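> Here it is: the structure, laid out below.
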Amino acid sequence: MPDTIAALARRLARLERRVTTLERARRAPYPPWRDVPLTGDTSVTDPAQPPQIRANLWNTLEFSGRIGLPGGRAVDETVIGLLPDGYLLTVPRTIPVASDADRRALQLDIDREGRLILRVQGGGSVKATWISLDSASCRTDGDE
């Protein structure tokens, strides 16, 4: 029984921290978007939709925009961008991204050094000219 009470107390403390964060965030202005530095031959496909990122007060990174892929191919384990300074994660994350790739899903692995690593389902490469970061997000901390 004491183990159960201790576990419940830890969960309640975590919930209270999240409620406090949400209450603070409700009062604070939303942070501005910042450009995501691209690497290699990746490019901005549409100047009206550059790849961008912002960290909100809910310990979440939000992404938007499109990234053009070199040679019209998505190659597994290619580093396509870097998180700007001050946006490092405490744990690695994987986020799904939209693209024009046929039949295989693409994902971005974000490591603790801030590298955005393109992952192709099943490895190898697939024909794709762009990926979209719109609606992609991940938590910045290790608290699930």
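Labeling convention for the structure tokens: chains A, B, ... as they appear, residues from 1 per chain, ligands from 1 in order of appearance.
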Would you list the contacts of Leu57 (chain A) as a list of chain:residue names, taking every protein, DNA or RNA residue within 10 Å and counting only C-alpha atoms, but skipping same-chain residues closer than 2 positions in sequence?
A:Thr21, A:Leu22, A:Glu23, A:Arg24, A:Ala25, A:Arg26, A:Ala28, A:Pro29, A:Tyr30, A:Pro31, A:Arg54, A:Ala55, A:Asn59, A:Thr60, A:Leu61
> Those same residues - N, CA, C and O atoms - I'd like them written as an mmCIF file, in the first residue's frame.

```cif
data_model
loop_
_atom_site.group_PDB
_atom_site.id
_atom_site.type_symbol
_atom_site.label_atom_id
_atom_site.label_comp_id
_atom_site.auth_asym_id
_atom_site.auth_seq_id
_atom_site.Cartn_x
_atom_site.Cartn_y
_atom_site.Cartn_z
ATOM 1 N N THR A 21 2.312 25.146 -15.207
ATOM 2 C CA THR A 21 2.893 25.562 -16.491
ATOM 3 C C THR A 21 1.816 26.029 -17.448
ATOM 4 O O THR A 21 1.967 27.054 -18.119
ATOM 5 N N LEU A 22 0.715 25.297 -17.517
ATOM 6 C CA LEU A 22 -0.386 25.691 -18.407
ATOM 7 C C LEU A 22 -0.996 27.022 -17.989
ATOM 8 O O LEU A 22 -1.321 27.853 -18.839
ATOM 9 N N GLU A 23 -1.150 27.241 -16.698
ATOM 10 C CA GLU A 23 -1.703 28.514 -16.234
ATOM 11 C C GLU A 23 -0.778 29.671 -16.584
ATOM 12 O O GLU A 23 -1.232 30.729 -17.014
ATOM 13 N N ARG A 24 0.548 29.480 -16.438
ATOM 14 C CA ARG A 24 1.501 30.521 -16.824
ATOM 15 C C ARG A 24 1.456 30.772 -18.317
ATOM 16 O O ARG A 24 1.503 31.904 -18.777
ATOM 17 N N ALA A 25 1.395 29.712 -19.089
ATOM 18 C CA ALA A 25 1.404 29.826 -20.551
ATOM 19 C C ALA A 25 0.162 30.530 -21.066
ATOM 20 O O ALA A 25 0.211 31.239 -22.070
ATOM 21 N N ARG A 26 -0.946 30.347 -20.406
ATOM 22 C CA ARG A 26 -2.187 30.989 -20.842
ATOM 23 C C ARG A 26 -2.070 32.511 -20.758
ATOM 24 O O ARG A 26 -2.645 33.237 -21.558
ATOM 25 N N ALA A 28 0.936 34.178 -20.921
ATOM 26 C CA ALA A 28 2.122 34.676 -21.630
ATOM 27 C C ALA A 28 1.862 34.773 -23.135
ATOM 28 O O ALA A 28 1.054 34.025 -23.682
ATOM 29 N N PRO A 29 2.541 35.702 -23.818
ATOM 30 C CA PRO A 29 2.411 35.779 -25.275
ATOM 31 C C PRO A 29 3.090 34.582 -25.929
ATOM 32 O O PRO A 29 4.006 33.984 -25.362
ATOM 33 N N TYR A 30 2.606 34.223 -27.116
ATOM 34 C CA TYR A 30 3.188 33.110 -27.836
ATOM 35 C C TYR A 30 4.564 33.502 -28.365
ATOM 36 O O TYR A 30 4.749 34.611 -28.839
ATOM 37 N N PRO A 31 5.561 32.609 -28.300
ATOM 38 C CA PRO A 31 6.903 32.958 -28.760
ATOM 39 C C PRO A 31 6.959 33.095 -30.284
ATOM 40 O O PRO A 31 6.142 32.501 -30.994
ATOM 41 N N ARG A 54 9.505 26.949 -33.091
ATOM 42 C CA ARG A 54 9.332 27.772 -31.893
ATOM 43 C C ARG A 54 9.097 26.844 -30.709
ATOM 44 O O ARG A 54 8.553 25.747 -30.850
ATOM 45 N N ALA A 55 9.541 27.294 -29.562
ATOM 46 C CA ALA A 55 9.362 26.547 -28.322
ATOM 47 C C ALA A 55 8.273 27.249 -27.536
ATOM 48 O O ALA A 55 8.381 28.436 -27.245
ATOM 49 N N ASN A 59 6.598 23.179 -22.850
ATOM 50 C CA ASN A 59 7.731 22.275 -23.084
ATOM 51 C C ASN A 59 7.589 21.509 -24.392
ATOM 52 O O ASN A 59 7.874 20.321 -24.470
ATOM 53 N N THR A 60 7.135 22.191 -25.420
ATOM 54 C CA THR A 60 6.927 21.578 -26.727
ATOM 55 C C THR A 60 7.583 22.424 -27.812
ATOM 56 O O THR A 60 7.501 23.645 -27.786
ATOM 57 N N LEU A 61 8.236 21.754 -28.760
ATOM 58 C CA LEU A 61 8.743 22.409 -29.954
ATOM 59 C C LEU A 61 7.717 22.235 -31.060
ATOM 60 O O LEU A 61 7.228 21.138 -31.279
#
```
> Hey, what's within 7 Å of Leu118 (chain A) if we count only C-alpha atoms and toss same-chain stuff fewer than 2 positions away? As a ChimeraX atom specification, please?
/A:76-80,107-109,116,120
> Where does DSSP see helix (DSSP H, G or I) in chain A, if you list the residues as a list in words?
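Assigned to helix (DSSP H, G or I), within chain A: Pro2, Asp3, Thr4, Ile5, Ala6, Ala7, Leu8, Ala9, Arg10, Arg11, Leu12, Ala13, Arg14, Leu15, Glu16, Arg17, Arg18, Val19, Thr20, Thr21, Leu22, Glu23, Arg24, Ala25, Arg26, Arg27, Pro70, Gly71 and Gly72 of chain A.
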> Could you state the separation of CA of Arg103 (chain A) and CA of Gly122 (chain A) in Å, given to one decimal place?
10.9 Å
> What is the distance between CA of Arg10 (chain A) and CA of Cys138 (chain A), in Å to one decimal?
23.2 Å
> Could you give me, as a count of residues only, each residue of region 100-143 of chain A that DSSP assigns to strand (DSSP E or B) when run on this structure's backbone?
20
> As an exercise, work out the distance from CA of Ala98 (chain A) to CA of Arg66 (chain A) in Å and give it to one decimal place.
9.4 Å
> Out of A:Leu82, A:Pro70, A:Thr39, A:Arg139, which residue has the shortest atom-to-atom distance to Val126 (chain A) when counting only C-alpha atoms?
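Using only C-alpha atoms, Val126 (chain A) sits closest to A:Pro70.
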> Give me the residues near region 83-95 of chain A as a PyMOL selection string, where near means some atom within 8 Å (using only C-alpha atoms) and where sequence neighbours in that chain fewer than 2 positions away do not count.
chain A and resi 34-37+55+81+97+107-116+136-138+140-142
> Near Asp102 (chain A), within 12 Å and counting only C-alpha atoms, which residues show up once chain neighbours fewer than 2 positions away are dropped, as a ChimeraX atom specification?
/A:73-74,98-100,104-106,120-121,125-130
> Take the residues from that selection and write them out as a PDB file, in the first residue's frame, keeping C-alpha atoms.

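Dumped to part-v2.pdb:
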```pdb
ATOM      1  CA  ARG A  73      15.435  11.656 -53.104  1.00  0.00           C
ATOM      2  CA  ALA A  74      14.894  11.071 -49.416  1.00  0.00           C
ATOM      3  CA  ALA A  98       4.467  14.636 -44.528  1.00  0.00           C
ATOM      4  CA  SER A  99       6.087  14.378 -47.959  1.00  0.00           C
ATOM      5  CA  ASP A 100       5.469  13.560 -51.592  1.00  0.00           C
ATOM      6  CA  ARG A 104       6.969   4.816 -47.571  1.00  0.00           C
ATOM      7  CA  ALA A 105       6.654   7.036 -44.542  1.00  0.00           C
ATOM      8  CA  LEU A 106       9.309   9.572 -43.611  1.00  0.00           C
ATOM      9  CA  VAL A 120      12.970   6.476 -44.461  1.00  0.00           C
ATOM     10  CA  GLN A 121      10.683   3.598 -43.515  1.00  0.00           C
ATOM     11  CA  SER A 125      16.057   5.887 -50.207  1.00  0.00           C
ATOM     12  CA  VAL A 126      12.792   6.849 -51.864  1.00  0.00           C
ATOM     13  CA  LYS A 127      11.786   9.392 -54.482  1.00  0.00           C
ATOM     14  CA  ALA A 128      10.668  12.561 -52.690  1.00  0.00           C
ATOM     15  CA  THR A 129      11.262  16.214 -53.497  1.00  0.00           C
ATOM     16  CA  TRP A 130      10.132  17.790 -50.216  1.00  0.00           C
TER      17      TRP A 130
END
```
> Of the candidates A:Arg119, A:Glu16, A:Ser135, A:Gly65, which shows the shortest atom-to-atom distance to Asp46 (chain A), using only C-alpha atoms?
A:Gly65
> Determine the nearest neighbour of Phe63 (chain A) from the options A:Leu12, A:Trp33, A:Thr42, A:Asp3, counting only C-alpha atoms.
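Comparing A:Leu12, A:Trp33, A:Thr42, A:Asp3 against Phe63 (chain A), the winner is A:Trp33.
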